[in-house]
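S.K.: What follows is structure.cif; its format and atoms are mmCIF, C-alpha atoms.
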data_final
loop_
_atom_site.label_atom_id
_atom_site.label_comp_id
_atom_site.auth_asym_id
_atom_site.auth_seq_id
_atom_site.Cartn_x
_atom_site.Cartn_y
_atom_site.Cartn_z
CA MET A 1 -52.09 17.61 61.84
CA SER A 2 -52.01 16.44 58.24
CA GLU A 3 -54.98 15.35 56.19
CA ASN A 4 -57.46 17.80 57.68
CA ILE A 5 -60.56 17.72 55.54
CA LYS A 6 -61.39 21.12 54.08
CA VAL A 7 -65.00 21.90 53.33
CA VAL A 8 -66.34 24.91 51.45
CA MET A 9 -69.94 25.50 52.47
CA ALA A 10 -72.28 27.80 50.59
CA LYS A 11 -75.86 28.90 50.49
CA LEU A 12 -76.76 28.41 46.88
CA GLY A 13 -77.83 31.54 45.06
CA LEU A 14 -80.28 33.84 46.76
CA ASP A 15 -81.86 31.28 49.09
CA ILE A 16 -81.89 32.95 52.48
CA HIS A 17 -82.54 29.96 54.76
CA TRP A 18 -79.09 30.00 56.34
CA ARG A 19 -79.72 28.29 59.65
CA GLY A 20 -79.24 24.72 58.41
CA ALA A 21 -76.01 25.51 56.58
CA VAL A 22 -74.55 27.33 59.58
CA ALA A 23 -75.60 24.56 61.99
CA LEU A 24 -73.97 21.95 59.76
CA THR A 25 -70.85 24.10 59.42
CA ARG A 26 -70.53 24.12 63.16
CA MET A 27 -71.18 20.39 63.45
CA LEU A 28 -68.49 19.61 60.88
CA ARG A 29 -66.13 21.86 62.80
CA ASP A 30 -66.89 19.82 65.92
CA GLN A 31 -66.06 16.70 63.91
CA GLY A 32 -62.56 18.07 63.33
CA MET A 33 -63.01 19.47 59.83
CA GLU A 34 -61.90 22.87 58.60
CA VAL A 35 -64.94 24.55 57.15
CA VAL A 36 -64.95 27.74 55.10
CA TYR A 37 -68.38 29.32 55.23
CA LEU A 38 -69.11 31.49 52.20
CA GLY A 39 -72.64 32.68 52.88
CA ASN A 40 -74.83 33.21 49.80
CA GLN A 41 -72.96 32.74 46.55
CA PHE A 42 -73.65 31.91 42.91
CA PRO A 43 -71.84 29.04 41.16
CA GLU A 44 -69.06 31.17 39.67
CA SER A 45 -68.01 32.52 43.08
CA ILE A 46 -68.42 29.16 44.79
CA VAL A 47 -66.11 27.57 42.25
CA ARG A 48 -63.57 30.39 42.46
CA SER A 49 -63.55 29.99 46.24
CA ALA A 50 -63.14 26.21 45.99
CA VAL A 51 -60.13 26.68 43.68
CA GLN A 52 -58.50 29.17 46.05
CA GLU A 53 -59.22 27.20 49.19
CA GLY A 54 -58.27 23.81 47.79
CA ALA A 55 -61.57 22.31 48.88
CA ASP A 56 -61.95 18.56 49.38
CA VAL A 57 -65.69 18.98 49.76
CA VAL A 58 -68.15 21.57 48.45
CA GLY A 59 -71.41 21.69 50.39
CA LEU A 60 -74.40 23.39 48.76
CA SER A 61 -77.40 24.26 50.85
CA THR A 62 -80.67 25.17 49.25
CA LEU A 63 -84.29 25.30 50.24
CA GLY A 64 -85.24 27.67 47.51
CA GLY A 65 -85.96 25.42 44.53
CA ASN A 66 -82.82 26.31 42.56
CA HIS A 67 -81.15 22.92 43.11
CA LEU A 68 -81.74 21.56 39.60
CA THR A 69 -80.43 24.65 37.86
CA LEU A 70 -77.58 25.91 40.02
CA GLY A 71 -76.44 22.59 41.52
CA PRO A 72 -75.33 20.92 38.27
CA LYS A 73 -73.79 24.23 37.20
CA VAL A 74 -71.40 24.11 40.17
CA VAL A 75 -70.39 20.54 39.20
CA GLU A 76 -69.83 21.55 35.60
CA MET A 77 -67.79 24.65 36.46
CA LEU A 78 -65.62 22.78 38.99
CA LYS A 79 -64.78 20.25 36.27
CA GLU A 80 -63.94 23.07 33.87
CA GLN A 81 -61.47 24.35 36.45
CA GLY A 82 -59.83 20.94 36.69
CA LEU A 83 -61.27 20.18 40.10
CA ASP A 84 -62.81 16.83 39.23
CA ASP A 85 -61.86 15.16 42.51
CA VAL A 86 -63.95 17.45 44.73
CA LEU A 87 -66.82 15.81 46.59
CA ILE A 88 -69.97 17.82 45.96
CA LEU A 89 -72.81 17.47 48.44
CA MET A 90 -76.22 19.03 48.64
CA GLY A 91 -78.51 19.62 51.53
CA GLY A 92 -81.81 21.27 52.29
CA VAL A 93 -85.34 20.69 51.16
CA ILE A 94 -85.14 18.82 47.89
CA PRO A 95 -87.98 16.73 46.39
CA PRO A 96 -87.02 13.01 46.39
CA GLU A 97 -87.84 12.69 42.69
CA ASP A 98 -85.11 15.22 41.88
CA ILE A 99 -82.36 13.35 43.70
CA PRO A 100 -81.57 10.87 40.88
CA LYS A 101 -81.26 13.78 38.46
CA LEU A 102 -78.82 15.55 40.80
CA LYS A 103 -76.74 12.42 41.24
CA GLU A 104 -76.63 11.90 37.52
CA ALA A 105 -75.35 15.45 37.20
CA GLY A 106 -72.45 14.69 39.56
CA ILE A 107 -73.77 15.59 43.02
CA ALA A 108 -72.34 12.80 45.19
CA GLU A 109 -75.12 12.76 47.78
CA VAL A 110 -78.15 14.74 48.92
CA PHE A 111 -78.92 15.13 52.62
CA GLY A 112 -82.41 16.12 53.72
CA PRO A 113 -83.52 17.80 56.95
CA GLU A 114 -83.64 14.56 58.96
CA SER A 115 -80.03 13.58 58.21
CA LYS A 116 -77.82 12.61 61.13
CA ILE A 117 -74.47 14.34 61.45
CA GLU A 118 -72.72 10.92 61.64
CA THR A 119 -74.24 9.95 58.31
CA ILE A 120 -72.86 13.08 56.72
CA THR A 121 -69.38 12.88 58.26
CA ASP A 122 -69.07 9.15 57.51
CA PHE A 123 -70.01 9.82 53.93
CA ILE A 124 -67.42 12.59 53.68
CA ARG A 125 -64.64 10.54 55.30
CA ASN A 126 -65.36 7.52 53.10
CA ASN A 127 -65.51 9.49 49.89
CA VAL A 128 -62.88 12.21 50.05
CA ALA A 129 -60.22 11.35 47.50
CA MET B 1 -53.33 11.59 48.10
CA LEU B 2 -49.69 11.11 47.19
CA ASN B 3 -46.90 13.51 47.96
CA ILE B 4 -46.52 16.10 45.25
CA GLU B 5 -43.80 15.38 42.69
CA GLU B 6 -41.02 17.79 41.80
CA GLY B 7 -42.06 17.96 38.18
CA LYS B 8 -45.57 18.89 39.21
CA ILE B 9 -44.29 21.65 41.50
CA LYS B 10 -42.24 23.18 38.69
CA GLN B 11 -45.17 22.89 36.33
CA PHE B 12 -47.49 24.67 38.79
CA LEU B 13 -44.98 27.47 39.30
CA GLN B 14 -44.70 27.98 35.56
CA GLN B 15 -48.46 27.90 35.03
CA ASN B 16 -48.81 30.79 37.44
CA ASN B 17 -52.62 30.61 37.54
CA PRO B 18 -55.13 30.43 40.42
CA TYR B 19 -55.54 26.68 39.98
CA ALA B 20 -51.80 26.08 40.42
CA LEU B 21 -51.55 28.45 43.38
CA GLY B 22 -54.57 26.82 44.99
CA LYS B 23 -53.03 23.36 44.59
CA LEU B 24 -49.65 24.37 46.05
CA LEU B 25 -51.20 26.21 49.00
CA ARG B 26 -53.44 23.24 49.69
CA GLU B 27 -50.48 20.88 49.55
CA ILE B 28 -48.66 22.86 52.24
CA GLU B 29 -51.82 23.25 54.30
CA ASN B 30 -52.63 19.56 54.10
CA ARG B 31 -49.10 18.30 54.63
CA PRO B 32 -46.82 20.98 56.06
CA GLU B 33 -43.83 18.68 55.42
CA SER B 34 -44.34 19.18 51.69
CA SER B 35 -42.92 22.69 52.19
CA HIS B 36 -39.53 20.97 52.12
CA ARG B 37 -40.13 19.95 48.53
CA ILE B 38 -42.00 23.02 47.30
CA MET B 39 -40.15 25.93 48.86
CA ARG B 40 -36.73 25.16 47.38
CA PHE B 41 -38.16 26.05 43.99
CA VAL B 42 -40.04 29.09 45.23
CA TYR B 43 -37.06 31.00 46.53
CA GLY B 44 -35.62 31.51 43.06
CA TYR B 45 -38.77 33.38 42.01
CA GLY B 46 -38.23 36.34 44.27
CA GLY B 47 -41.17 38.68 44.58
CA LYS B 48 -41.65 42.20 45.78
CA ALA B 49 -45.07 42.07 47.37
CA HIS B 50 -45.90 44.50 50.13
CA VAL B 51 -46.94 42.20 52.98
CA ILE B 52 -49.48 43.92 55.20
CA GLY B 53 -50.63 42.42 58.47
CA ILE B 54 -54.11 43.32 59.66
CA THR B 55 -54.48 42.52 63.32
CA GLY B 56 -56.71 43.44 66.25
CA PRO B 57 -59.38 42.07 68.58
CA PRO B 58 -62.26 39.94 67.26
CA GLY B 59 -65.25 41.74 65.81
CA VAL B 60 -63.69 45.12 65.04
CA GLY B 61 -64.11 44.66 61.30
CA LYS B 62 -60.76 43.33 60.07
CA SER B 63 -62.31 41.19 57.35
CA THR B 64 -64.65 43.92 56.15
CA LEU B 65 -61.76 46.36 56.02
CA ILE B 66 -59.74 43.89 53.97
CA GLU B 67 -62.64 43.46 51.55
CA LYS B 68 -62.74 47.19 50.91
CA LEU B 69 -58.95 47.63 50.75
CA ALA B 70 -58.40 44.69 48.41
CA GLY B 71 -61.32 45.85 46.27
CA HIS B 72 -59.84 49.35 46.09
CA TRP B 73 -56.46 48.02 44.92
CA ALA B 74 -57.97 45.49 42.52
CA GLU B 75 -59.79 48.37 40.80
CA GLN B 76 -56.39 49.98 40.28
CA GLY B 77 -55.21 46.83 38.54
CA LEU B 78 -53.12 45.41 41.36
CA GLU B 79 -52.92 41.69 42.09
CA ILE B 80 -53.84 40.87 45.67
CA GLY B 81 -53.31 37.80 47.83
CA VAL B 82 -55.23 37.47 51.08
CA LEU B 83 -54.39 35.03 53.85
CA CYS B 84 -57.07 34.84 56.56
CA ILE B 85 -56.31 32.97 59.74
CA ASP B 86 -59.10 31.82 62.06
CA PRO B 87 -58.75 29.83 65.26
CA THR B 88 -58.74 26.04 65.51
CA SER B 89 -60.94 24.48 68.17
CA PRO B 90 -58.77 23.12 70.99
CA PHE B 91 -61.39 20.40 71.51
CA SER B 92 -62.15 18.97 68.09
CA GLY B 93 -59.20 20.24 66.05
CA GLY B 94 -61.74 21.58 63.57
CA ALA B 95 -62.23 25.18 62.56
CA LEU B 96 -64.87 27.50 61.22
CA LEU B 97 -63.20 29.78 58.72
CA GLY B 98 -65.65 32.63 58.44
CA ASP B 99 -63.71 35.57 57.06
CA ARG B 100 -64.89 35.06 53.52
CA ILE B 101 -68.46 35.90 54.44
CA ARG B 102 -67.31 39.51 54.93
CA MET B 103 -65.45 39.46 51.66
CA GLN B 104 -68.20 38.34 49.32
CA ASN B 105 -67.64 41.10 46.79
CA LEU B 106 -64.04 39.99 46.34
CA THR B 107 -64.96 36.58 44.99
CA GLU B 108 -66.17 38.27 41.83
CA SER B 109 -62.69 39.59 41.08
CA ASP B 110 -59.96 37.65 39.29
CA ARG B 111 -57.36 39.93 40.82
CA VAL B 112 -57.97 38.82 44.38
CA PHE B 113 -56.99 35.39 45.69
CA ILE B 114 -58.20 34.49 49.18
CA LYS B 115 -56.90 31.59 51.25
CA SER B 116 -58.49 30.76 54.61
CA LEU B 117 -56.24 29.05 57.10
CA ALA B 118 -56.88 27.44 60.47
CA SER B 119 -54.42 28.38 63.21
CA ARG B 120 -54.11 24.70 64.25
CA ASP B 121 -51.71 24.26 67.16
CA ALA B 122 -49.48 27.18 66.24
CA GLY B 123 -48.04 29.32 68.99
CA GLY B 124 -48.65 33.02 68.44
CA GLY B 125 -51.70 32.27 66.28
CA MET B 126 -49.58 31.93 63.16
CA PRO B 127 -48.68 28.51 61.76
CA ILE B 128 -45.07 28.35 60.63
CA TYR B 129 -46.15 27.52 57.07
CA ALA B 130 -48.04 30.82 56.81
CA PHE B 131 -44.60 32.23 56.05
CA ASP B 132 -44.24 29.79 53.15
CA MET B 133 -47.71 30.67 51.88
CA ILE B 134 -46.83 34.37 51.78
CA LYS B 135 -43.69 33.46 49.80
CA LEU B 136 -45.87 31.48 47.40
CA PHE B 137 -48.15 34.48 46.90
CA GLU B 138 -45.04 36.52 46.08
CA ALA B 139 -43.79 33.90 43.66
CA PHE B 140 -47.16 34.07 41.90
CA GLY B 141 -46.64 37.78 41.31
CA LYS B 142 -48.94 39.36 43.87
CA ASP B 143 -48.35 43.09 44.39
CA ILE B 144 -49.85 43.11 47.86
CA VAL B 145 -50.39 40.30 50.35
CA LEU B 146 -52.84 41.00 53.15
CA VAL B 147 -52.58 38.76 56.18
CA GLU B 148 -55.51 38.78 58.58
CA THR B 149 -54.58 37.40 61.97
CA VAL B 150 -56.86 35.59 64.36
CA GLY B 151 -58.62 38.01 66.69
CA THR B 152 -55.84 39.05 69.00
CA GLY B 153 -55.24 38.98 72.70
CA GLN B 154 -51.68 39.38 73.86
CA LEU B 155 -49.84 36.48 72.27
CA GLU B 156 -50.45 37.06 68.61
CA PHE B 157 -47.39 39.15 67.87
CA ARG B 158 -45.97 36.82 65.25
CA ILE B 159 -47.59 38.90 62.53
CA SER B 160 -44.63 41.28 62.87
CA GLU B 161 -42.38 38.38 61.90
CA VAL B 162 -44.07 38.01 58.52
CA ALA B 163 -45.36 41.46 57.56
CA ASP B 164 -43.63 44.58 56.23
CA THR B 165 -46.37 46.75 57.67
CA VAL B 166 -48.59 45.89 60.61
CA ALA B 167 -51.91 47.71 60.99
CA LEU B 168 -53.79 47.36 64.24
CA VAL B 169 -57.55 47.66 63.91
CA THR B 170 -59.67 48.52 66.86
CA GLY B 171 -63.15 49.88 67.48
CA PRO B 172 -64.73 52.76 69.36
CA GLY B 173 -65.05 52.55 73.11
CA THR B 174 -62.16 50.15 73.57
CA GLY B 175 -60.13 52.44 75.79
CA ASP B 176 -59.53 49.68 78.28
CA ALA B 177 -58.64 47.20 75.59
CA ILE B 178 -56.10 49.61 74.20
CA GLN B 179 -54.44 49.81 77.56
CA THR B 180 -54.12 46.05 77.65
CA ILE B 181 -52.64 45.76 74.19
CA LYS B 182 -50.26 48.61 74.88
CA ALA B 183 -47.40 46.39 76.00
CA GLY B 184 -47.63 43.78 73.25
CA ILE B 185 -49.10 44.91 69.99
CA MET B 186 -48.57 48.60 70.68
CA GLU B 187 -44.90 48.00 69.99
CA ILE B 188 -45.32 46.34 66.63
CA ALA B 189 -48.06 48.33 64.86
CA GLU B 190 -47.09 50.90 62.23
CA LEU B 191 -50.63 52.09 61.73
CA TYR B 192 -53.66 52.37 63.96
CA ILE B 193 -57.15 52.13 62.57
CA VAL B 194 -60.29 52.95 64.49
CA ASN B 195 -62.91 51.16 62.44
CA GLN B 196 -66.68 51.41 62.93
CA SER B 197 -66.05 55.11 63.43
CA ASP B 198 -69.74 55.87 62.95
CA ARG B 199 -70.36 54.40 66.37
CA PRO B 200 -70.25 56.41 69.58
CA GLY B 201 -66.92 56.64 71.36
CA SER B 202 -64.82 56.84 68.22
CA GLU B 203 -63.38 60.27 68.98
CA GLU B 204 -62.19 59.18 72.42
CA THR B 205 -60.51 56.08 71.05
CA VAL B 206 -58.75 58.13 68.37
CA ARG B 207 -57.66 60.64 71.03
CA ASP B 208 -56.31 57.87 73.30
CA LEU B 209 -54.40 56.29 70.45
CA LYS B 210 -52.96 59.60 69.30
CA MET B 211 -51.77 60.22 72.82
CA MET B 212 -50.05 56.85 72.93
CA VAL B 213 -48.49 57.37 69.54
CA SER B 214 -47.19 60.78 70.61
CA GLU B 215 -45.08 58.96 73.19
CA SER B 216 -43.01 57.52 70.39
CA VAL B 217 -40.94 60.72 70.13
CA GLY B 218 -37.68 60.46 68.28
CA LYS B 219 -38.86 57.60 66.09
CA ARG B 220 -38.52 58.16 62.39
CA TRP B 221 -41.90 56.67 61.66
CA VAL B 222 -44.71 58.02 63.79
CA PRO B 223 -47.67 55.64 63.41
CA PRO B 224 -50.69 57.44 61.98
CA VAL B 225 -54.10 57.02 63.59
CA LEU B 226 -56.91 56.64 61.06
CA GLU B 227 -60.67 56.50 61.25
CA THR B 228 -62.59 54.19 58.96
CA THR B 229 -66.12 52.91 58.50
CA ALA B 230 -65.43 49.90 56.34
CA THR B 231 -69.07 49.00 55.77
CA LYS B 232 -69.59 52.42 54.19
CA LYS B 233 -66.19 52.48 52.45
CA ARG B 234 -65.26 55.55 54.47
CA GLY B 235 -61.56 56.26 55.01
CA ILE B 236 -60.37 53.48 52.69
CA THR B 237 -58.52 55.75 50.23
CA GLU B 238 -56.70 57.49 53.08
CA LEU B 239 -55.79 54.15 54.62
CA SER B 240 -54.46 52.83 51.34
CA GLU B 241 -52.36 55.99 50.93
CA GLU B 242 -50.90 55.68 54.42
CA LEU B 243 -50.01 52.03 53.76
CA SER B 244 -48.19 53.03 50.57
CA ARG B 245 -46.46 55.83 52.44
CA HIS B 246 -45.16 53.31 54.97
CA LYS B 247 -43.86 51.11 52.18
CA LYS B 248 -42.02 54.10 50.70
CA TYR B 249 -40.62 54.92 54.12
CA LEU B 250 -39.33 51.34 54.49
CA GLU B 251 -37.69 51.49 51.08
CA SER B 252 -36.10 54.91 51.45
CA SER B 253 -34.79 54.20 54.95
CA GLY B 254 -33.25 50.88 53.99
CA LEU B 255 -35.53 49.13 56.48
CA TRP B 256 -37.24 47.12 53.75
CA GLN B 257 -34.12 45.03 53.10
CA GLU B 258 -33.05 45.00 56.71
CA ARG B 259 -36.39 43.70 57.94
CA ARG B 260 -36.64 41.04 55.29
CA ARG B 261 -33.22 39.76 56.23
CA GLU B 262 -34.23 39.68 59.85
CA ARG B 263 -37.48 37.95 58.92
CA ASN B 264 -35.67 35.27 56.92
CA ARG B 265 -33.25 34.70 59.77
CA LYS B 266 -36.04 34.44 62.35
CA PHE B 267 -37.94 32.06 60.14
CA PHE B 268 -34.87 29.88 59.78
CA THR B 269 -34.34 29.89 63.55
CA ARG B 270 -37.95 28.88 64.12
CA LEU B 271 -37.68 26.17 61.50
CA LEU B 272 -34.54 24.84 63.12
CA PHE B 273 -36.15 24.94 66.53
CA GLU B 274 -39.29 23.11 65.42
CA HIS B 275 -37.42 20.41 63.55
CA CYS B 276 -34.82 19.85 66.25
CA TRP B 277 -37.59 19.50 68.77
CA GLN B 278 -39.45 17.05 66.54
CA LYS B 279 -36.32 14.95 66.09
CA ILE B 280 -35.43 14.97 69.76
CA ASN B 281 -39.00 14.18 70.73
CA LYS B 282 -39.08 11.27 68.34
CA HIS B 283 -35.84 9.98 69.78
CA ILE B 284 -37.12 10.30 73.35
CA ASN B 285 -40.26 8.38 72.50
CA HIS B 286 -38.23 5.47 71.17
CA ASP B 287 -35.63 5.36 73.94
CA GLN B 288 -36.85 3.37 76.93
CA GLU B 289 -33.87 4.41 79.06
CA ILE B 290 -34.63 8.11 78.63
CA ARG B 291 -38.31 7.54 79.26
CA ASP B 292 -37.41 5.85 82.53
CA LYS B 293 -35.24 8.81 83.43
CA ILE B 294 -38.10 11.17 82.68
CA SER B 295 -40.28 9.32 85.13
CA GLN B 296 -37.44 9.71 87.66
CA VAL B 297 -37.52 13.44 86.98
CA GLU B 298 -41.27 13.39 87.57
CA GLN B 299 -40.64 11.83 90.99
CA GLU B 300 -37.71 14.16 91.66
CA LYS B 301 -35.33 11.19 91.89
CA CYS B 302 -33.23 12.74 89.17
CA ASP B 303 -32.75 16.45 88.50
CA PRO B 304 -33.91 17.78 85.10
CA TYR B 305 -30.56 19.37 84.28
CA SER B 306 -28.63 16.11 84.45
CA LEU B 307 -31.18 14.46 82.21
CA LEU B 308 -31.07 17.39 79.82
CA HIS B 309 -27.37 16.89 79.20
CA GLU B 310 -27.85 13.18 78.79
CA VAL B 311 -30.61 13.68 76.22
CA LEU B 312 -28.63 16.31 74.37
CA SER B 313 -25.53 14.20 74.09
CA ALA B 314 -27.60 11.23 72.99
CA THR B 315 -29.66 13.06 70.40
CA LEU B 316 -26.95 15.26 68.97
CA LYS B 317 -25.11 12.08 68.09
CA ILE B 318 -27.96 10.75 65.95
CA ASP B 319 -27.41 11.84 62.40
CA GLY B 320 -29.33 14.85 61.13
#
Let me see whether you can do it: turn the structure in this file into structure tokens.
M.R.:
Amino acid sequence: MSENIKVVMAKLGLDIHWRGAVALTRMLRDQGMEVVYLGNQFPESIVRSAVQEGADVVGLSTLGGNHLTLGPKVVEMLKEQGLDDVLILMGGVIPPEDIPKLKEAGIAEVFGPESKIETITDFIRNNVA
Amino acid sequence: MLNIEEGKIKQFLQQNNPYALGKLLREIENRPESSHRIMRFVYGYGGKAHVIGITGPPGVGKSTLIEKLAGHWAEQGLEIGVLCIDPTSPFSGGALLGDRIRMQNLTESDRVFIKSLASRDAGGGMPIYAFDMIKLFEAFGKDIVLVETVGTGQLEFRISEVADTVALVTGPGTGDAIQTIKAGIMEIAELYIVNQSDRPGSEETVRDLKMMVSESVGKRWVPPVLETTATKKRGITELSEELSRHKKYLESSGLWQERRRERNRKFFTRLLFEHCWQKINKHINHDQEIRDKISQVEQEKCDPYSLLHEVLSATLKIDG
């Protein structure tokens, strides 16, 4: 049972739209991953949880417009903690013009509402260090 | 990812920070065989953590109770490790580890370290390396280690093999459930907690439990029955005091040492069992003659006992 992928999934900040994050959590579980669901958390707590859990992947869900401020902050704080090999993904409703900025900041990929579960899991499997 | 090097292990143990603990725990979780490399260094570090098992049926508030307890102790300056075990799906092998969502306030504290663990294919709901993880928490200087089991039925008694104190959490109106757990977990719990005590039926559950506990006449430790409402932080101080009282009882009665010795012995036996089985199984899979014999056993052309002795004499000869 080695090499189980561990995902830490969070609702970013105060954004309450939890259904997508929970649905994805369950789908990743059904794909054989071990997913820690945090609920709503701010970057500091997300990073602390990722350190404690030994996350391979951090998933950030937001539909609340905080992606450009809080998203890059998670990347930055993970690096500060020495976790520079964690795959950071974002999902939710994010304007296409913001995606390049997020990627530049270190978010590996952004998945919108139409994303297929296979696309997400393939991306994770191909990119986990 | 490469196997962790010895130098790195020593370095992590010396660093003694959350990053290092996180890395070592993850190493064991990801590749349980790395315990062989890590644990030989951990045993020298000792540790005196009070290991408390929190067990009980799903949905009675174990995680919420742990949040309040750990928060209470963290405020007193204690260092807390929490190990939360949730079930692995028998279909996909994946798991949803959802205990942290009840412990959100704890992620703001530097004194509390939470590790979520999937049960994987462990018998008794407790992977063998959970024992190693508790030892790691101790080596990193935790004062208290809380272990939350999967929601229990009847099989999840292994918590008593890793904890100094086992607390069984239940909820109001579970009279029938208490009857069913009577034979298994009833025997291992040192504390009974009726959580969600603001709900109807709490008094009856407490009464039932007290009646059961009163049957343990002649025992030196009579398990207390406590009422809590974790969401409202009610009964937490009393619970924490009773848990400390049990620790003192273990120490003054000499049971603390005795139990730890027993625990170490049981762990070794389990380790031996699992590794012998793995070795024998590997041997069987590579030995065509034995596999043929097994198919004879399937067809009742050969009796299983004769084959057993054949396999044993064959495998015990292979070097360790």
S.K.: For chain A, work out the contacting residues on chain B at 10 Å, counting all atoms listed in the file, and write them as a PDB file with C-alpha atoms, in the coordinates of the input.
M.R.:
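Just written: part_5.pdb:
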ATOM      1  CA  MET B   1     -53.330  11.590  48.100  1.00  0.00           C
ATOM      2  CA  PRO B  18     -55.130  30.430  40.420  1.00  0.00           C
ATOM      3  CA  TYR B  19     -55.540  26.680  39.980  1.00  0.00           C
ATOM      4  CA  ALA B  20     -51.800  26.080  40.420  1.00  0.00           C
ATOM      5  CA  LEU B  21     -51.550  28.450  43.380  1.00  0.00           C
ATOM      6  CA  GLY B  22     -54.570  26.820  44.990  1.00  0.00           C
ATOM      7  CA  LYS B  23     -53.030  23.360  44.590  1.00  0.00           C
ATOM      8  CA  LEU B  24     -49.650  24.370  46.050  1.00  0.00           C
ATOM      9  CA  LEU B  25     -51.200  26.210  49.000  1.00  0.00           C
ATOM     10  CA  ARG B  26     -53.440  23.240  49.690  1.00  0.00           C
ATOM     11  CA  GLU B  27     -50.480  20.880  49.550  1.00  0.00           C
ATOM     12  CA  ILE B  28     -48.660  22.860  52.240  1.00  0.00           C
ATOM     13  CA  GLU B  29     -51.820  23.250  54.300  1.00  0.00           C
ATOM     14  CA  ASN B  30     -52.630  19.560  54.100  1.00  0.00           C
ATOM     15  CA  ARG B  31     -49.100  18.300  54.630  1.00  0.00           C
ATOM     16  CA  PRO B  32     -46.820  20.980  56.060  1.00  0.00           C
ATOM     17  CA  GLU B  33     -43.830  18.680  55.420  1.00  0.00           C
ATOM     18  CA  ASP B  86     -59.100  31.820  62.060  1.00  0.00           C
ATOM     19  CA  THR B  88     -58.740  26.040  65.510  1.00  0.00           C
ATOM     20  CA  SER B  89     -60.940  24.480  68.170  1.00  0.00           C
ATOM     21  CA  PRO B  90     -58.770  23.120  70.990  1.00  0.00           C
ATOM     22  CA  PHE B  91     -61.390  20.400  71.510  1.00  0.00           C
ATOM     23  CA  SER B  92     -62.150  18.970  68.090  1.00  0.00           C
ATOM     24  CA  GLY B  93     -59.200  20.240  66.050  1.00  0.00           C
ATOM     25  CA  GLY B  94     -61.740  21.580  63.570  1.00  0.00           C
ATOM     26  CA  ALA B  95     -62.230  25.180  62.560  1.00  0.00           C
ATOM     27  CA  LEU B  96     -64.870  27.500  61.220  1.00  0.00           C
ATOM     28  CA  LEU B  97     -63.200  29.780  58.720  1.00  0.00           C
ATOM     29  CA  GLY B  98     -65.650  32.630  58.440  1.00  0.00           C
ATOM     30  CA  ASP B  99     -63.710  35.570  57.060  1.00  0.00           C
ATOM     31  CA  ARG B 100     -64.890  35.060  53.520  1.00  0.00           C
ATOM     32  CA  ILE B 101     -68.460  35.900  54.440  1.00  0.00           C
ATOM     33  CA  ARG B 102     -67.310  39.510  54.930  1.00  0.00           C
ATOM     34  CA  MET B 103     -65.450  39.460  51.660  1.00  0.00           C
ATOM     35  CA  GLN B 104     -68.200  38.340  49.320  1.00  0.00           C
ATOM     36  CA  ASN B 105     -67.640  41.100  46.790  1.00  0.00           C
ATOM     37  CA  LEU B 106     -64.040  39.990  46.340  1.00  0.00           C
ATOM     38  CA  THR B 107     -64.960  36.580  44.990  1.00  0.00           C
ATOM     39  CA  GLU B 108     -66.170  38.270  41.830  1.00  0.00           C
ATOM     40  CA  SER B 109     -62.690  39.590  41.080  1.00  0.00           C
ATOM     41  CA  ASP B 110     -59.960  37.650  39.290  1.00  0.00           C
ATOM     42  CA  VAL B 112     -57.970  38.820  44.380  1.00  0.00           C
ATOM     43  CA  PHE B 113     -56.990  35.390  45.690  1.00  0.00           C
ATOM     44  CA  ILE B 114     -58.200  34.490  49.180  1.00  0.00           C
ATOM     45  CA  LYS B 115     -56.900  31.590  51.250  1.00  0.00           C
ATOM     46  CA  SER B 116     -58.490  30.760  54.610  1.00  0.00           C
ATOM     47  CA  LEU B 117     -56.240  29.050  57.100  1.00  0.00           C
ATOM     48  CA  ALA B 118     -56.880  27.440  60.470  1.00  0.00           C
ATOM     49  CA  ARG B 120     -54.110  24.700  64.250  1.00  0.00           C
ATOM     50  CA  ASP B 121     -51.710  24.260  67.160  1.00  0.00           C
TER      51      ASP B 121
END
S.K.: Using all atoms listed in the file, pick whichever of A:Glu97, A:Gly13, A:Leu24, A:Gly92 has the shortest atom-to-atom distance to Phe111 in chain A.
M.R.: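 Comparing A:Glu97, A:Gly13, A:Leu24, A:Gly92 against Phe111 in chain A, the winner is A:Gly92.
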S.K.: Between A:Ala21, A:Val93, A:Val57, A:Leu68, which one has atoms that come closest to Asn126 in chain A, using all atoms listed in the file?
M.R.: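 Among A:Ala21, A:Val93, A:Val57, A:Leu68, it is A:Val57 that comes nearest to Asn126 in chain A.
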S.K.: For a quick check of understanding, using only C-alpha atoms, which of B:Ile52, B:Lys62, B:Ala74, B:Ser202 has the smallest distance to Ile134 in chain B?
M.R.: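 That would be B:Ile52, the residue with the smallest distance to Ile134 in chain B.
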S.K.: Residues picked by the PyMOL selection byres ((chain B and resi 48) around 12) here, as JSON, numbers by chain?
M.R.: {"B": [45, 46, 47, 49, 50, 51, 79, 134, 135, 136, 137, 138, 139, 140, 141, 142, 143, 144, 145, 164, 247, 251, 256, 257, 260]}
S.K.: Excluding Ile16 in chain A and residues on its chain fewer than 6 positions from it, collect all residues at most 9 Å away from it, counting all atoms listed in the file, and give them as a count of residues only.
M.R.: 4
S.K.: Calculated over only C-alpha atoms, which of the candidates A:Met9, A:Pro43, A:Gly20, A:Ile88 has the smallest distance to Ile107 in chain A?
M.R.: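 Using only C-alpha atoms, the shortest distance to Ile107 in chain A belongs to A:Ile88.
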S.K.: Please give the centre and size of the box around range 280-292 of chain B (axis-aligned, containing every atom listed in the file, 6 Å added per side), with values in Å to one decimal and written as JSON.
M.R.:
{"center_x": -37.1, "center_y": 9.2, "center_z": 75.4, "size_x": 18.4, "size_y": 23.6, "size_z": 26.2}
